[in-house]
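One file, target.txt, is given below (compact mmCIF, C-alpha atoms).
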# COMPACT_ATOMS: atom_id res chain seq x y z
CA MET Y 1 -9.16 18.61 19.42
CA LYS Y 2 -8.23 21.26 16.87
CA GLU Y 3 -8.19 20.20 13.23
CA ASP Y 4 -4.45 20.87 12.89
CA THR Y 5 -3.52 18.86 15.99
CA VAL Y 6 -2.78 15.18 15.70
CA LEU Y 7 -1.13 12.90 18.23
CA PHE Y 8 1.50 10.56 16.82
CA THR Y 9 3.14 7.79 18.82
CA GLU Y 10 6.40 6.35 17.53
CA VAL Y 11 6.85 2.59 17.96
CA GLU Y 12 10.03 0.63 17.24
CA PRO Y 13 9.86 -1.96 14.43
CA ARG Y 14 11.04 -5.53 14.86
CA LEU Y 15 12.31 -8.39 12.75
CA ALA Y 16 9.68 -10.59 11.14
CA THR Y 17 9.59 -14.18 12.32
CA ARG Y 18 10.20 -17.08 9.98
CA ALA Y 19 6.59 -18.22 10.42
CA GLU Y 20 5.33 -14.78 9.43
CA LEU Y 21 7.39 -14.74 6.24
CA GLU Y 22 6.26 -18.24 5.36
CA ARG Y 23 2.64 -17.08 5.27
CA VAL Y 24 3.23 -15.91 1.69
CA HIS Y 25 6.82 -16.82 0.72
CA ALA Y 26 8.60 -20.04 -0.23
CA PRO Y 27 10.91 -21.48 2.46
CA ASN Y 28 13.86 -21.81 0.06
CA TYR Y 29 13.46 -18.18 -0.98
CA ILE Y 30 13.46 -17.05 2.65
CA ASP Y 31 16.64 -19.08 3.21
CA GLU Y 32 18.27 -17.44 0.20
CA VAL Y 33 17.67 -13.98 1.64
CA LEU Y 34 18.05 -14.47 5.38
CA ASN Y 35 20.70 -17.21 5.47
CA ASP Y 36 22.65 -16.67 2.26
CA HIS Y 37 22.07 -12.90 2.23
CA LEU Y 38 21.43 -12.93 -1.50
CA SER Y 39 18.82 -11.12 -3.61
CA GLY Y 40 18.36 -10.01 -7.18
CA GLN Y 41 17.86 -6.52 -5.81
CA TRP Y 42 21.45 -6.08 -4.65
CA SER Y 43 24.98 -7.22 -5.53
CA GLY Y 44 26.86 -9.80 -3.52
CA LYS Y 45 26.07 -11.00 -0.02
CA ARG Y 46 24.44 -8.26 2.08
CA ALA Y 47 23.48 -9.34 5.57
CA ASP Y 48 22.56 -5.75 6.42
CA LEU Y 49 20.02 -5.52 3.61
CA ALA Y 50 18.58 -8.94 4.45
CA THR Y 51 18.02 -7.74 8.01
CA LEU Y 52 16.48 -4.53 6.69
CA ALA Y 53 14.06 -6.49 4.49
CA SER Y 54 12.90 -8.49 7.49
CA THR Y 55 12.56 -5.31 9.54
CA PHE Y 56 10.36 -3.75 6.87
CA VAL Y 57 7.93 -6.63 7.37
CA GLY Y 58 8.18 -6.45 11.14
CA GLY Y 59 7.47 -2.73 11.07
CA THR Y 60 4.28 -3.26 9.11
CA LEU Y 61 3.18 -5.98 11.53
CA VAL Y 62 3.83 -3.69 14.51
CA ALA Y 63 1.62 -1.12 12.79
CA LEU Y 64 -1.04 -3.75 12.14
CA ASP Y 65 -0.93 -4.79 15.80
CA ALA Y 66 -1.69 -1.20 16.82
CA LEU Y 67 -4.82 -1.28 14.67
CA LEU Y 68 -5.96 -4.72 15.78
CA ASN Y 69 -5.58 -3.81 19.45
CA LYS Y 70 -7.32 -0.47 18.97
CA LYS Y 71 -4.26 1.53 19.96
CA ALA Y 72 -4.56 3.57 16.77
CA LEU Y 73 -7.02 4.29 13.99
CA THR Y 74 -4.28 5.18 11.50
CA ALA Y 75 -0.97 3.28 11.52
CA ILE Y 76 1.89 4.53 9.33
CA HIS Y 77 4.96 2.64 8.15
CA PHE Y 78 6.56 4.50 5.28
CA PRO Y 79 9.12 1.74 4.42
CA GLY Y 80 6.20 -0.66 4.10
CA SER Y 81 4.10 -1.92 1.20
CA LYS Y 82 6.75 -3.73 -0.81
CA HIS Y 83 4.07 -4.57 -3.33
CA HIS Y 84 6.14 -6.24 -6.09
CA ALA Y 85 7.62 -9.07 -3.99
CA GLN Y 86 6.46 -12.50 -5.18
CA TYR Y 87 6.12 -15.95 -3.61
CA ASP Y 88 9.62 -17.14 -4.49
CA HIS Y 89 11.51 -14.13 -5.78
CA SER Y 90 12.09 -10.43 -5.31
CA SER Y 91 11.06 -7.77 -7.80
CA GLY Y 92 11.08 -4.01 -8.21
CA PHE Y 93 13.21 -3.29 -5.10
CA CYS Y 94 10.80 -5.42 -3.02
CA ILE Y 95 12.11 -8.44 -1.11
CA PHE Y 96 9.29 -9.57 1.20
CA ASN Y 97 5.63 -8.66 0.70
CA ASP Y 98 4.67 -7.12 4.03
CA PHE Y 99 1.13 -6.06 3.03
CA ALA Y 100 0.31 -9.57 1.79
CA ILE Y 101 1.61 -11.00 5.06
CA ALA Y 102 -0.38 -8.48 7.11
CA ALA Y 103 -3.55 -9.20 5.11
CA ASP Y 104 -3.07 -12.94 5.55
CA MET Y 105 -2.72 -12.48 9.29
CA ALA Y 106 -5.69 -10.10 9.67
CA THR Y 107 -8.02 -12.33 7.68
CA LYS Y 108 -6.99 -15.76 8.93
CA GLU Y 109 -6.17 -15.00 12.56
CA TYR Y 110 -8.77 -12.31 13.22
CA GLY Y 111 -11.48 -12.98 10.61
CA LEU Y 112 -11.34 -9.43 9.26
CA ARG Y 113 -12.04 -8.31 5.71
CA VAL Y 114 -9.17 -6.31 4.20
CA ALA Y 115 -9.39 -3.89 1.26
CA ILE Y 116 -6.03 -2.84 -0.20
CA LEU Y 117 -5.84 0.40 -2.19
CA ASP Y 118 -2.63 0.84 -4.20
CA ILE Y 119 -2.05 4.30 -5.71
CA ASP Y 120 1.62 3.75 -6.53
CA ALA Y 121 2.41 4.54 -10.17
CA HIS Y 122 3.28 0.86 -10.69
CA HIS Y 123 0.84 -2.03 -10.57
CA GLY Y 124 0.78 -3.86 -7.24
CA ASP Y 125 1.35 -7.23 -8.87
CA GLY Y 126 2.89 -9.02 -5.90
CA VAL Y 127 0.12 -8.16 -3.46
CA GLU Y 128 -2.46 -9.10 -6.08
CA ASN Y 129 -0.83 -12.47 -6.77
CA LEU Y 130 -0.27 -13.39 -3.13
CA THR Y 131 -3.80 -12.55 -1.98
CA ALA Y 132 -5.74 -13.62 -5.09
CA ASN Y 133 -7.10 -16.80 -3.53
CA ASN Y 134 -8.13 -15.23 -0.23
CA PRO Y 135 -11.83 -14.24 -0.46
CA MET Y 136 -11.39 -11.98 2.58
CA VAL Y 137 -9.03 -9.66 0.67
CA LEU Y 138 -9.90 -7.11 -2.03
CA THR Y 139 -7.07 -5.56 -4.03
CA TYR Y 140 -7.43 -2.40 -6.10
CA SER Y 141 -4.53 -0.84 -8.00
CA ILE Y 142 -4.51 2.56 -9.72
CA HIS Y 143 -1.38 2.74 -11.84
CA GLU Y 144 0.10 3.89 -15.12
CA LYS Y 145 -0.45 1.39 -17.90
CA GLY Y 146 2.59 0.21 -19.82
CA ILE Y 147 5.32 0.82 -17.27
CA PHE Y 148 6.93 -1.72 -14.92
CA PRO Y 149 5.85 -4.45 -14.26
CA GLY Y 150 3.56 -4.30 -17.31
CA THR Y 151 0.64 -6.07 -15.63
CA GLY Y 152 -2.64 -4.90 -14.12
CA ASN Y 153 -4.60 -4.27 -17.30
CA GLU Y 154 -7.56 -6.44 -16.34
CA SER Y 155 -9.73 -7.04 -13.29
CA ASP Y 156 -11.00 -10.33 -11.88
CA PRO Y 157 -14.10 -9.50 -9.80
CA ASP Y 158 -14.69 -13.16 -8.93
CA ARG Y 159 -11.49 -13.04 -6.87
CA ASN Y 160 -11.91 -9.42 -5.68
CA ILE Y 161 -9.08 -8.24 -7.94
CA TYR Y 162 -9.58 -4.80 -9.44
CA ASN Y 163 -7.27 -2.71 -11.58
CA TYR Y 164 -7.68 0.87 -12.75
CA PRO Y 165 -4.88 1.49 -15.28
CA LEU Y 166 -4.38 5.10 -16.30
CA VAL Y 167 -3.45 6.02 -19.86
CA SER Y 168 -2.83 9.49 -21.25
CA LYS Y 169 -5.81 10.91 -23.12
CA ASP Y 170 -3.34 11.71 -25.86
CA VAL Y 171 -3.16 7.98 -26.63
CA ARG Y 172 -6.83 7.23 -27.18
CA ALA Y 173 -10.03 9.16 -26.72
CA ASP Y 174 -11.73 6.71 -24.35
CA SER Y 175 -8.84 6.33 -21.90
CA THR Y 176 -9.02 7.15 -18.22
CA GLY Y 177 -6.55 10.03 -18.33
CA LYS Y 178 -4.08 11.09 -15.66
CA GLY Y 179 -3.66 13.77 -13.02
CA ASN Y 180 -5.58 14.49 -9.84
CA GLU Y 181 -9.01 14.05 -11.41
CA ALA Y 182 -8.14 10.60 -12.71
CA LEU Y 183 -6.78 9.60 -9.31
CA GLU Y 184 -9.92 10.78 -7.55
CA ALA Y 185 -12.14 8.96 -10.04
CA GLY Y 186 -10.24 5.75 -9.40
CA VAL Y 187 -10.44 6.11 -5.63
CA THR Y 188 -14.17 6.89 -5.84
CA HIS Y 189 -14.68 3.63 -7.71
CA PHE Y 190 -12.64 1.82 -5.05
CA MET Y 191 -14.91 3.25 -2.35
CA HIS Y 192 -18.01 1.82 -4.04
CA LEU Y 193 -16.34 -1.59 -3.95
CA VAL Y 194 -15.33 -1.17 -0.31
CA ASP Y 195 -18.92 -0.46 0.63
CA ALA Y 196 -20.14 -3.64 -1.05
CA PHE Y 197 -17.23 -5.68 0.30
CA LYS Y 198 -17.84 -4.40 3.85
CA ALA Y 199 -14.16 -4.02 4.67
CA ASP Y 200 -13.02 -4.07 8.29
CA LEU Y 201 -9.55 -2.74 7.49
CA ILE Y 202 -8.15 -0.59 4.68
CA PHE Y 203 -4.48 -0.85 3.66
CA ILE Y 204 -3.14 2.02 1.52
CA THR Y 205 -0.07 1.80 -0.68
CA CYS Y 206 0.75 5.48 -1.05
CA GLY Y 207 3.43 5.49 -3.73
CA ALA Y 208 4.74 9.01 -4.25
CA ASP Y 209 5.97 8.18 -7.75
CA GLY Y 210 2.74 9.39 -9.32
CA HIS Y 211 3.78 12.97 -8.56
CA LYS Y 212 4.18 15.11 -11.66
CA GLU Y 213 7.89 15.67 -10.96
CA ASP Y 214 8.78 12.02 -10.36
CA PRO Y 215 11.05 10.65 -13.12
CA LEU Y 216 9.49 7.17 -13.30
CA SER Y 217 5.92 8.00 -14.28
CA SER Y 218 3.83 10.53 -16.16
CA LEU Y 219 0.68 10.51 -14.01
CA GLU Y 220 0.94 14.19 -13.03
CA TYR Y 221 -0.50 14.04 -9.51
CA SER Y 222 0.18 16.98 -7.21
CA VAL Y 223 0.75 17.06 -3.45
CA GLN Y 224 -2.70 18.63 -3.15
CA GLY Y 225 -4.14 15.73 -5.15
CA TYR Y 226 -2.69 13.24 -2.70
CA GLU Y 227 -3.99 15.27 0.22
CA GLY Y 228 -7.47 15.32 -1.26
CA ILE Y 229 -7.51 11.53 -1.54
CA ALA Y 230 -6.42 11.13 2.07
CA GLN Y 231 -9.19 13.45 3.24
CA LEU Y 232 -11.76 11.72 1.06
CA LEU Y 233 -10.89 8.30 2.43
CA ARG Y 234 -10.81 9.21 6.09
CA ARG Y 235 -13.92 11.37 6.03
CA SER Y 236 -15.79 8.64 4.16
CA TYR Y 237 -14.61 5.93 6.56
CA PRO Y 238 -14.00 7.68 9.89
CA ASP Y 239 -14.14 4.49 11.93
CA ILE Y 240 -12.30 2.00 9.72
CA PRO Y 241 -8.69 1.36 10.81
CA MET Y 242 -6.21 2.21 8.06
CA LEU Y 243 -2.65 1.00 7.52
CA LEU Y 244 -0.45 3.26 5.39
CA GLY Y 245 2.72 2.18 3.56
CA GLY Y 246 4.94 4.37 1.42
CA ALA Y 247 5.94 2.05 -1.46
CA GLY Y 248 7.68 3.90 -4.34
CA GLY Y 249 8.96 7.42 -4.79
CA TYR Y 250 12.11 8.51 -6.58
CA LEU Y 251 12.67 12.05 -5.34
CA PRO Y 252 13.96 11.11 -1.86
CA ASP Y 253 15.06 14.61 -0.85
CA THR Y 254 12.01 16.53 -2.05
CA ARG Y 255 8.63 15.34 -3.28
CA THR Y 256 8.63 11.77 -1.96
CA PRO Y 257 8.77 12.67 1.77
CA GLU Y 258 6.49 15.64 1.12
CA VAL Y 259 3.80 13.44 -0.45
CA TRP Y 260 4.06 10.84 2.31
CA SER Y 261 3.97 13.31 5.18
CA HIS Y 262 1.09 15.34 3.76
CA PHE Y 263 -0.94 12.23 2.97
CA ALA Y 264 -0.36 10.74 6.42
CA THR Y 265 -1.23 13.98 8.20
CA LYS Y 266 -4.43 14.49 6.26
CA LEU Y 267 -5.44 10.88 6.81
CA ALA Y 268 -5.24 11.48 10.55
CA VAL Y 269 -6.41 15.11 10.71
CA SER Y 270 -9.55 14.39 8.70
CA TYR Y 271 -10.62 11.94 11.39
CA PHE Y 272 -10.71 14.70 13.98
CA SER Y 273 -12.27 17.32 11.73
CA LYS Y 274 -15.59 15.50 11.29
CA PRO Y 275 -17.95 13.80 13.76
CA HIS Y 276 -17.58 10.02 13.84
CA GLY Y 277 -19.97 7.92 11.83
CA LYS Y 278 -21.05 8.34 8.23

As C-alpha cells - that is how I would like this structure written.
Amino acid sequence: MKEDTVLFTEVEPRLATRAELERVHAPNYIDEVLNDHLSGQWSGKRADLATLASTFVGGTLVALDALLNKKALTAIHFPGSKHHAQYDHSSGFCIFNDFAIAADMATKEYGLRVAILDIDAHHGDGVENLTANNPMVLTYSIHEKGIFPGTGNESDPDRNIYNYPLVSKDVRADSTGKGNEALEAGVTHFMHLVDAFKADLIFITCGADGHKEDPLSSLEYSVQGYEGIAQLLRRSYPDIPMLLGGAGGYLPDTRTPEVWSHFATKLAVSYFSKPHGK
C-alpha cells in the first residue's frame, strides 16, 4: 500500500447504556442529565444535548470495540475524550467521561493495560481522577500550567499518574517551555513510561487548542508539530491499537479540524510506511 493511501471505514455511533455510564459516574448525576436533561454546561432543559452527551460516549465505545475485535489498528472519534467530566458533575464542556469509561471496560473486561496520552492544552483532570485507582491505567497529560482547570502540576508515579505542565521560558529559566519542541519532549517522556508499563492500548486526547492560533492557550504548536507527534507514536508502536479523541479546539472552522484530520491521517499513514515490529 502506498504511503499516502489509507482505508477508513465509517461506523455509526450509538447511545451509551446506563451500565456503561455507571462504570465511572454517580447514578444521581446520570439521572440529572438523562432524565431531567439538566447540566451546568447548558441553560435550561435540553433533551437533545443530553442525548448527544450519551452518543459521544457510545461513539467512543464503538471505536474501542473496533480495536478490541481487531477490526482496526487506529480508531478515531473526534467528539470523544471529554476529559474534564467528573464522577458526579460536568466540567469544561464535558458531560460524561468517555475515555475513563473505555479504559475501565478495556482493563476490567479484557485485562488490557491502557496508557492515555493527553496533549490538549488543558489538564485532563477528569480522566486522571476517574482512573487513579486502576493500576491497569496510566495517564499522562501535557498541558499549559496555570489555565483551566488549574490542576496537573504534580505527578503520582505510585498510581501511574504523570503530568508534564508547560510554562513559558519567559517565566522562569528552568521551565519546560512551549512549542513543538516542548510537545515532542513531553511525548518522548511518555513513550519511556509506556515501554516500562507495557501498554496494550494507547488512548490519545488530541486537543487542537495547543495550536499557536487558538485563543485559549499560548503553547504555540503548529500543524506540523502535531503531525510529527502522530508519526512518532505510530512508528514507535506500529502494532499497538490506538484510540483517538479530539477533545478541545476553539477554531472550529479552521485550525481545529485541520489539526485533527492531519493528526489522524499521519497516525494511520505512518503504520503503512514502515515494516511492522520495532

Record the distance separating CA of Val194 (chain Y) and CA of Asn133 (chain Y), expressed in Å with one decimal.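 Here the two named atoms are 18.0 Å from each other.
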
Using only C-alpha atoms, what table do you get, as a Markdown table, when you list each residue of region 200-251 of chain Y with an atom no more than 8 Å from region 135-148 of chain Y, its nearest pair of atoms, and their distance in Å rounded to one decimal, rows by chain then rising number?
| residue | atom | partner | partner_atom | distance |
| --- | --- | --- | --- | --- |
| Y:Ser217 | CA | Y:Glu144 | CA | 7.2 |
| Y:Ser218 | CA | Y:Glu144 | CA | 7.7 |
| Y:Leu219 | CA | Y:Glu144 | CA | 6.7 |

Counting all atoms listed in the file, closest pick from Y:Val223, Y:Val269, Y:Leu216, Y:Val187 relative to Thr254 (chain Y) is Y:Val223

Tell me, as a PDB file with C-alpha atoms, in the coordinates of the input, which residues lie within 12 Å of Pro79 (chain Y), counting all atoms listed in the file; anything in the same chain fewer than 5 positions away does not count.
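So the final result, stored in result.pdb, reads:
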ATOM      1  CA  PRO Y  13       9.860  -1.960  14.430  1.00  0.00           C
ATOM      2  CA  LEU Y  52      16.480  -4.530   6.690  1.00  0.00           C
ATOM      3  CA  ALA Y  53      14.060  -6.490   4.490  1.00  0.00           C
ATOM      4  CA  SER Y  54      12.900  -8.490   7.490  1.00  0.00           C
ATOM      5  CA  THR Y  55      12.560  -5.310   9.540  1.00  0.00           C
ATOM      6  CA  PHE Y  56      10.360  -3.750   6.870  1.00  0.00           C
ATOM      7  CA  VAL Y  57       7.930  -6.630   7.370  1.00  0.00           C
ATOM      8  CA  GLY Y  58       8.180  -6.450  11.140  1.00  0.00           C
ATOM      9  CA  GLY Y  59       7.470  -2.730  11.070  1.00  0.00           C
ATOM     10  CA  THR Y  60       4.280  -3.260   9.110  1.00  0.00           C
ATOM     11  CA  ALA Y  63       1.620  -1.120  12.790  1.00  0.00           C
ATOM     12  CA  PHE Y  93      13.210  -3.290  -5.100  1.00  0.00           C
ATOM     13  CA  CYS Y  94      10.800  -5.420  -3.020  1.00  0.00           C
ATOM     14  CA  ILE Y  95      12.110  -8.440  -1.110  1.00  0.00           C
ATOM     15  CA  PHE Y  96       9.290  -9.570   1.200  1.00  0.00           C
ATOM     16  CA  ASN Y  97       5.630  -8.660   0.700  1.00  0.00           C
ATOM     17  CA  ASP Y  98       4.670  -7.120   4.030  1.00  0.00           C
ATOM     18  CA  PHE Y  99       1.130  -6.060   3.030  1.00  0.00           C
ATOM     19  CA  THR Y 205      -0.070   1.800  -0.680  1.00  0.00           C
ATOM     20  CA  CYS Y 206       0.750   5.480  -1.050  1.00  0.00           C
ATOM     21  CA  GLY Y 207       3.430   5.490  -3.730  1.00  0.00           C
ATOM     22  CA  LEU Y 244      -0.450   3.260   5.390  1.00  0.00           C
ATOM     23  CA  GLY Y 245       2.720   2.180   3.560  1.00  0.00           C
ATOM     24  CA  GLY Y 246       4.940   4.370   1.420  1.00  0.00           C
ATOM     25  CA  ALA Y 247       5.940   2.050  -1.460  1.00  0.00           C
ATOM     26  CA  GLY Y 248       7.680   3.900  -4.340  1.00  0.00           C
ATOM     27  CA  GLY Y 249       8.960   7.420  -4.790  1.00  0.00           C
ATOM     28  CA  THR Y 256       8.630  11.770  -1.960  1.00  0.00           C
ATOM     29  CA  PRO Y 257       8.770  12.670   1.770  1.00  0.00           C
ATOM     30  CA  TRP Y 260       4.060  10.840   2.310  1.00  0.00           C
TER      31      TRP Y 260
END

Write out as a PyMOL selection string the residues lying within 8 Å of Arg113 (chain Y), counting all atoms listed in the file and excluding same-chain residues fewer than 6 positions away. chain Y and resi 106-107+136-137+197-201

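Put simply, CA of Ser43 (chain Y) is 14.5 Å away from CA of Gly92 (chain Y).
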
Output as JSON the centre and edge lengths (Å, one decimal) of the box along x, y and z of the file that holds every listed atom of region 28-33 of chain Y after adding 3 Å on each side.
{"center_x": 15.9, "center_y": -17.9, "center_z": 1.1, "size_x": 10.8, "size_y": 13.8, "size_z": 10.2}

I want to know what sits within 10 Å of Glu32 (chain Y), based on all atoms listed in the file, with residues of the same chain fewer than 4 positions away left out; could you give that as a ChimeraX atom specification? /Y:27-28,36-39,50,88-89

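For the atom pair formed by CA of Tyr237 (chain Y) and CA of Lys266 (chain Y), the distance is 13.3 Å, given to one decimal.
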
Just the residues within 7 Å of region 178-183 of chain Y, please, counting only C-alpha atoms, with nothing from its chain fewer than 2 positions along; format it as a PyMOL selection string. chain Y and resi 166-168+176+185-187+219-222+225

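Here the question is which of Y:Leu243, Y:Val24, Y:Val11, Y:Leu117 gets nearest to Leu68 (chain Y) using only C-alpha atoms, and that residue is Y:Leu243.
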
At a cut-off of 8 Å, using all atoms listed in the file, what residues contact Val259 (chain Y)? Leave out same-chain residues fewer than 4 positions from it and give the result as a list in words. Ala208, Val223, Tyr226, Arg255 and Phe263 of chain Y

Which residue gives the smallest distance to Ala268 (chain Y) among Y:Asp209, Y:Ile76, Y:Ala196, Y:Asp120, with all atoms listed in the file counted? Y:Ile76

Render region 63-92 of chain Y from the structure in the preceding block as a file of N, CA and C atoms, as a short mmCIF file (atom, residue, chain, number, x, y, z; two decimals), in the first residue's frame.
data_model
loop_
_atom_site.label_atom_id
_atom_site.label_comp_id
_atom_site.auth_asym_id
_atom_site.auth_seq_id
_atom_site.Cartn_x
_atom_site.Cartn_y
_atom_site.Cartn_z
N ALA Y 63 -15.75 2.75 18.77
CA ALA Y 63 -14.36 2.80 18.31
C ALA Y 63 -13.51 1.81 19.09
N LEU Y 64 -13.71 1.74 20.40
CA LEU Y 64 -12.97 0.78 21.22
C LEU Y 64 -13.26 -0.64 20.77
N ASP Y 65 -14.52 -0.94 20.47
CA ASP Y 65 -14.90 -2.27 20.03
C ASP Y 65 -14.15 -2.67 18.76
N ALA Y 66 -13.95 -1.71 17.86
CA ALA Y 66 -13.21 -2.00 16.63
C ALA Y 66 -11.77 -2.39 16.92
N LEU Y 67 -11.18 -1.78 17.94
CA LEU Y 67 -9.82 -2.14 18.32
C LEU Y 67 -9.77 -3.50 19.01
N LEU Y 68 -10.70 -3.72 19.93
CA LEU Y 68 -10.70 -4.96 20.70
C LEU Y 68 -10.95 -6.18 19.82
N ASN Y 69 -11.74 -5.99 18.78
CA ASN Y 69 -12.07 -7.09 17.88
C ASN Y 69 -11.18 -7.13 16.64
N LYS Y 70 -10.10 -6.34 16.70
CA LYS Y 70 -9.08 -6.34 15.64
C LYS Y 70 -9.65 -5.99 14.27
N LYS Y 71 -10.66 -5.12 14.27
CA LYS Y 71 -11.20 -4.61 13.01
C LYS Y 71 -10.43 -3.37 12.56
N ALA Y 72 -9.65 -2.80 13.46
CA ALA Y 72 -8.88 -1.60 13.15
C ALA Y 72 -7.68 -1.53 14.07
N LEU Y 73 -6.64 -0.85 13.61
CA LEU Y 73 -5.48 -0.59 14.45
C LEU Y 73 -5.55 0.84 15.00
N THR Y 74 -6.21 1.71 14.26
CA THR Y 74 -6.42 3.09 14.69
C THR Y 74 -7.91 3.37 14.62
N ALA Y 75 -8.52 3.77 15.73
CA ALA Y 75 -9.94 4.11 15.77
C ALA Y 75 -10.08 5.58 16.15
N ILE Y 76 -10.88 6.32 15.40
CA ILE Y 76 -10.95 7.77 15.54
C ILE Y 76 -12.37 8.19 15.88
N HIS Y 77 -12.51 8.98 16.94
CA HIS Y 77 -13.81 9.55 17.31
C HIS Y 77 -13.56 10.98 17.77
N PHE Y 78 -13.61 11.90 16.84
CA PHE Y 78 -13.26 13.28 17.14
C PHE Y 78 -14.11 13.92 18.25
N PRO Y 79 -15.41 13.61 18.39
CA PRO Y 79 -16.17 14.19 19.51
C PRO Y 79 -15.81 13.57 20.86
N GLY Y 80 -14.94 12.58 20.86
CA GLY Y 80 -14.60 11.88 22.08
C GLY Y 80 -13.53 12.56 22.91
N SER Y 81 -13.21 11.93 24.02
CA SER Y 81 -12.25 12.38 25.02
C SER Y 81 -12.74 13.63 25.74
N LYS Y 82 -13.87 13.49 26.40
CA LYS Y 82 -14.40 14.57 27.23
C LYS Y 82 -13.71 14.50 28.60
N HIS Y 83 -12.47 14.97 28.61
CA HIS Y 83 -11.55 14.64 29.70
C HIS Y 83 -11.74 15.41 31.00
N HIS Y 84 -12.65 16.38 31.04
CA HIS Y 84 -12.87 17.12 32.30
C HIS Y 84 -14.04 16.57 33.12
N ALA Y 85 -14.88 15.74 32.53
CA ALA Y 85 -16.06 15.24 33.24
C ALA Y 85 -15.66 14.45 34.49
N GLN Y 86 -16.35 14.72 35.60
CA GLN Y 86 -16.02 14.11 36.88
C GLN Y 86 -17.09 13.09 37.29
N TYR Y 87 -16.86 12.44 38.42
CA TYR Y 87 -17.75 11.38 38.90
C TYR Y 87 -19.20 11.84 39.02
N ASP Y 88 -19.41 13.02 39.61
CA ASP Y 88 -20.79 13.45 39.87
C ASP Y 88 -21.11 14.85 39.35
N HIS Y 89 -20.30 15.34 38.42
CA HIS Y 89 -20.63 16.63 37.83
C HIS Y 89 -19.88 16.84 36.52
N SER Y 90 -20.43 17.74 35.71
CA SER Y 90 -19.80 18.09 34.45
C SER Y 90 -18.78 19.20 34.67
N SER Y 91 -17.92 19.40 33.68
CA SER Y 91 -16.90 20.44 33.79
C SER Y 91 -16.29 20.69 32.41
N GLY Y 92 -15.98 21.94 32.14
CA GLY Y 92 -15.24 22.26 30.93
C GLY Y 92 -15.85 21.74 29.65
#
